[in-house]
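Following: one structure in structure tokens, then a few remarks.
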Amino acid sequence: MLSTNNINISNRSVLSSPGAIRSELPLSLDAVKRIVCDRGEICDILDGKSDRILAIVGPCSIHDPDAALKYAEKLKKLKGEISDVFKVVMRVYFEKPRTTVGWKGLINDPDLNGSYNIEKGIFIARKLLLRIIDIGLPAATEMLDPILAQYLADAVSWAAIGARTTEAQTHRQLGSGVSMPVGFKNATDGSFQTALDAIKTAASKHSFIGVLEDGHVGVFRTCGNPYCHIVLRGGTMSPNYGAEYISFLKVLMTKEHIAPRIVVDCSHANSHKKFENQSVVFHDVMEQIAGGEDAIKGIMLESYLKPGAQKLKIGCTLDPELSVTDGCIGWEETESLLREGAEKLRSRVKVKE
């Protein structure tokens, strides 16, 4: 029989609804209170009501839940030492955008073998988020698939829209409707305008089609998100975290009637994709903040238990404590950087007083 539909689809299966999975793995009342509080504290930083700096810290991607929990326990302990200066949020990234092909993250391929057991991945991801929240850490993640957001967003305190998707109408609409602050990354060439357009777009009202709690397709109408901001990740030609870029961006944002709220990603193109260079970016940004730069509201570090990265090869045994995507700084360096940064910024507070 001739057909004009699903010609290139090899298989389809039913996925449990967002409501069903959230009912099976619900947030406790205490967790809800913590998430609301964490989101509020991040908003206070973005509004300038708090002098603390947002520190989004964690692995490039999660590939082993047990190792991620080990990392979370260490980060929670460090958080207690530096909470007067930094609002620490753990990177808990389950989806990976690919330039061509490759592993798409724990949700899409939780067994890391090309089997793509997505429902299993959703359960693992949500269970891990709940455990990290119970440890006492707010979670940050990149929202890549708009449908998956329905399964996880209630447990997330800060969200990112990546450089490859910041220009997409779908993700700008998603950003306008989610309940947490959203950082839009600058374009991969390093330019700012795409992210600024996204911030303005996401602050507006939208209507779009999405998946409801019961799994049915429905229409969503948003109020607009007032807590969208830019994340600087560098570009193909050069990094963009330096004081000259921050000054230029502040002027540009003011002209666009956008509050100058900037988060600097110490990894990716800002580090020339070399994890060893993240410390250079971090120290530069700390110097800027200590020198009185108040538009920088946060930093991001790609950090894990061991420094570096490993290649993901099907059939090979992986080190659970070493990144399988971008290289990360190790735990010892993470501790050192954040303690040094906290000490420098405590001096800033004393000068201001």
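Each chain in the structure tokens gets a letter, A, B, ..., in the order shown, and its residues are numbered from 1; ligands are numbered from 1 in order too.
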Write out as a PDB file with N, CA, C and O atoms, in the first residue's frame which residues come within 10 Å of Lys96 of chain A when counting only C-alpha atoms, dropping same-chain ones fewer than 4 positions away.
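For reference, selection_15.pdb as written:
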ATOM      1  N   CYS A  60      30.121  18.378  32.629  1.00  0.00           N
ATOM      2  CA  CYS A  60      29.577  18.728  31.320  1.00  0.00           C
ATOM      3  C   CYS A  60      28.283  17.976  31.082  1.00  0.00           C
ATOM      4  O   CYS A  60      27.304  18.547  30.606  1.00  0.00           O
ATOM      5  N   SER A  61      28.266  16.702  31.415  1.00  0.00           N
ATOM      6  CA  SER A  61      27.060  15.884  31.283  1.00  0.00           C
ATOM      7  C   SER A  61      27.109  14.768  32.312  1.00  0.00           C
ATOM      8  O   SER A  61      28.185  14.331  32.724  1.00  0.00           O
ATOM      9  N   ILE A  62      25.937  14.305  32.714  1.00  0.00           N
ATOM     10  CA  ILE A  62      25.826  13.184  33.657  1.00  0.00           C
ATOM     11  C   ILE A  62      25.821  11.888  32.862  1.00  0.00           C
ATOM     12  O   ILE A  62      25.012  11.713  31.949  1.00  0.00           O
ATOM     13  N   GLY A 102      26.446  11.754  17.707  1.00  0.00           N
ATOM     14  CA  GLY A 102      27.162  11.423  18.935  1.00  0.00           C
ATOM     15  C   GLY A 102      26.181  11.115  20.040  1.00  0.00           C
ATOM     16  O   GLY A 102      24.959  11.150  19.849  1.00  0.00           O
ATOM     17  N   TRP A 103      26.714  10.790  21.222  1.00  0.00           N
ATOM     18  CA  TRP A 103      25.865  10.467  22.372  1.00  0.00           C
ATOM     19  C   TRP A 103      25.050  11.694  22.761  1.00  0.00           C
ATOM     20  O   TRP A 103      25.585  12.779  22.961  1.00  0.00           O
ATOM     21  N   LYS A 104      23.745  11.533  22.876  1.00  0.00           N
ATOM     22  CA  LYS A 104      22.841  12.650  23.108  1.00  0.00           C
ATOM     23  C   LYS A 104      22.490  12.860  24.574  1.00  0.00           C
ATOM     24  O   LYS A 104      21.634  13.681  24.892  1.00  0.00           O
ATOM     25  N   GLY A 105      23.144  12.111  25.456  1.00  0.00           N
ATOM     26  CA  GLY A 105      22.919  12.324  26.867  1.00  0.00           C
ATOM     27  C   GLY A 105      22.204  11.184  27.548  1.00  0.00           C
ATOM     28  O   GLY A 105      21.697  10.254  26.913  1.00  0.00           O
ATOM     29  N   LEU A 106      22.142  11.269  28.883  1.00  0.00           N
ATOM     30  CA  LEU A 106      21.634  10.174  29.702  1.00  0.00           C
ATOM     31  C   LEU A 106      20.160   9.873  29.443  1.00  0.00           C
ATOM     32  O   LEU A 106      19.742   8.718  29.523  1.00  0.00           O
ATOM     33  N   ILE A 107      19.377  10.892  29.145  1.00  0.00           N
ATOM     34  CA  ILE A 107      17.954  10.635  28.900  1.00  0.00           C
ATOM     35  C   ILE A 107      17.770   9.851  27.610  1.00  0.00           C
ATOM     36  O   ILE A 107      17.040   8.853  27.560  1.00  0.00           O
ATOM     37  N   ASN A 108      18.418  10.300  26.552  1.00  0.00           N
ATOM     38  CA  ASN A 108      18.237   9.646  25.254  1.00  0.00           C
ATOM     39  C   ASN A 108      18.859   8.262  25.187  1.00  0.00           C
ATOM     40  O   ASN A 108      18.316   7.374  24.539  1.00  0.00           O
ATOM     41  N   GLU A 142      20.270  22.073  31.011  1.00  0.00           N
ATOM     42  CA  GLU A 142      19.963  22.654  29.697  1.00  0.00           C
ATOM     43  C   GLU A 142      18.678  22.032  29.182  1.00  0.00           C
ATOM     44  O   GLU A 142      18.515  20.807  29.225  1.00  0.00           O
ATOM     45  N   MET A 143      17.775  22.868  28.700  1.00  0.00           N
ATOM     46  CA  MET A 143      16.524  22.385  28.142  1.00  0.00           C
ATOM     47  C   MET A 143      16.649  22.348  26.629  1.00  0.00           C
ATOM     48  O   MET A 143      16.668  23.378  25.969  1.00  0.00           O
ATOM     49  N   LEU A 144      16.748  21.143  26.118  1.00  0.00           N
ATOM     50  CA  LEU A 144      16.958  20.948  24.687  1.00  0.00           C
ATOM     51  C   LEU A 144      15.688  20.477  23.994  1.00  0.00           C
ATOM     52  O   LEU A 144      15.258  21.066  23.006  1.00  0.00           O
ATOM     53  N   GLY A 162      20.883  26.537  25.002  1.00  0.00           N
ATOM     54  CA  GLY A 162      22.219  26.500  24.435  1.00  0.00           C
ATOM     55  C   GLY A 162      22.408  27.391  23.224  1.00  0.00           C
ATOM     56  O   GLY A 162      21.456  27.906  22.630  1.00  0.00           O
ATOM     57  N   THR A 325      32.053  13.705  27.815  1.00  0.00           N
ATOM     58  CA  THR A 325      31.844  14.734  26.783  1.00  0.00           C
ATOM     59  C   THR A 325      32.982  15.756  26.910  1.00  0.00           C
ATOM     60  O   THR A 325      34.127  15.403  26.726  1.00  0.00           O
TER      61      THR A 325
END
Practice problem: Could you find all residues in segment 212-320 of chain A that DSSP calls alpha helix (DSSP H) from the backbone, and write them as a ChimeraX atom specification? | Solution: /A:243-255,278-290
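Nearest-residue note for Glu335 of chain A: choosing from A:Ala149, A:Leu301, A:Ile122, A:Leu2, the minimum distance belongs to A:Leu301, counting only C-alpha atoms.
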Among A:Ser17, A:Asn270, A:Thr166, A:Ser207, His229 of chain A is approached most closely, using only C-alpha atoms, by A:Thr166
- Message: So that I can see what lies close to Gln193 of chain A, please list as a ChimeraX atom specification the residues with an atom at most 10 Å from it, counting only C-alpha atoms and leaving out residues fewer than 3 positions away in the same chain.
- Response: /A:167,186-187,190,196-199,249,252-253,256
Output C-alpha atoms for every residue in the selection just made, as a compact mmCIF listing (two decimals), in the first residue's frame.
# COMPACT_ATOMS: atom_id res chain seq x y z
CA GLU A 167 17.82 31.43 17.95
CA ASN A 186 25.43 33.81 22.97
CA ALA A 187 25.75 32.48 19.41
CA GLY A 190 30.57 34.88 19.88
CA LEU A 196 19.49 39.54 23.38
CA ASP A 197 16.69 38.92 20.88
CA ALA A 198 15.91 35.69 22.73
CA ILE A 199 15.75 37.46 26.10
CA LEU A 249 27.58 44.25 26.21
CA LEU A 252 24.22 47.16 24.06
CA MET A 253 21.79 45.74 26.62
CA GLU A 256 17.94 47.29 23.94
Excluding same-chain residues fewer than 3 positions from Ala342 of chain A, what lies within 10 Å of it counting only C-alpha atoms, as a list in words?
->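 My reading of the contact set: Arg52, Ile53, Glu81, Ile82, Ser83, Asp84, Val85, Phe86, Met286, Ser336, Leu337, Leu338, Arg339, Leu345, Arg346, Ser347 and Arg348 of chain A.
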Item to complete: Could you tell me how far atom CA of Ala159 of chain A lies from atom CA of Gly183 of chain A, in Å and to one decimal?
Response: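 Going from atom CA of Ala159 of chain A over to atom CA of Gly183 of chain A, I get 6.3 Å.
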Between atom CA of Asp189 of chain A and atom CA of Ile45 of chain A, measure the distance and give it in Å to one decimal.
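Between atom CA of Asp189 of chain A and atom CA of Ile45 of chain A the gap is 28.0 Å.
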The residue from A:Phe275, A:Trp158, A:Phe282, A:Phe220 with the smallest atom-to-atom distance to Tyr241 of chain A, counting only C-alpha atoms, is A:Phe282
- Mind pulling up the distance from atom CA of Leu312 of chain A to atom CA of Val57 of chain A?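 Atom CA of Leu312 of chain A lies at a distance of 22.4 Å from atom CA of Val57 of chain A.
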So that I can check the secondary structure, give me every residue of segment 102-293 of chain A assigned strand (DSSP E) by backbone DSSP, as number ranges by chain. A: 139-142, 158-161, 182-185, 207-211, 217-221, 228-232, 262-265
Extract, using only C-alpha atoms, all DNA, RNA and protein residues at most 6 Å from Ala140 of chain A, discarding same-chain residues fewer than 3 positions from it, and format them as an MDAnalysis selection string.
chainID A and resid 90:92 156:159
(Q) Measuring between only C-alpha atoms, which one of A:Arg233, A:His63, A:Arg172, A:Lys127 shows the shortest distance to His206 of chain A? (A)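 Closest candidate: A:Arg172.
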Given the choices A:Leu128, A:Val217, A:Val211, A:Ala295, which gets closest to Leu148 of chain A if the distance is worked out from only C-alpha atoms?
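That would be A:Val211, the residue with the smallest distance to Leu148 of chain A.
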- Find the residues near His272 of chain A: any atom within 9 Å, counting only C-alpha atoms, skip ones fewer than 4 places away on the same chain, and give them as a PyMOL selection string. chain A and resi 234-236+238-239+267-268+277
query = With only C-alpha atoms as the basis for distance, which of A:Pro226, A:Gly121, A:Gly341, A:Pro320 is at the shortest distance from Val281 of chain A?
reply =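 Closest to Val281 of chain A, using only C-alpha atoms: A:Gly341.
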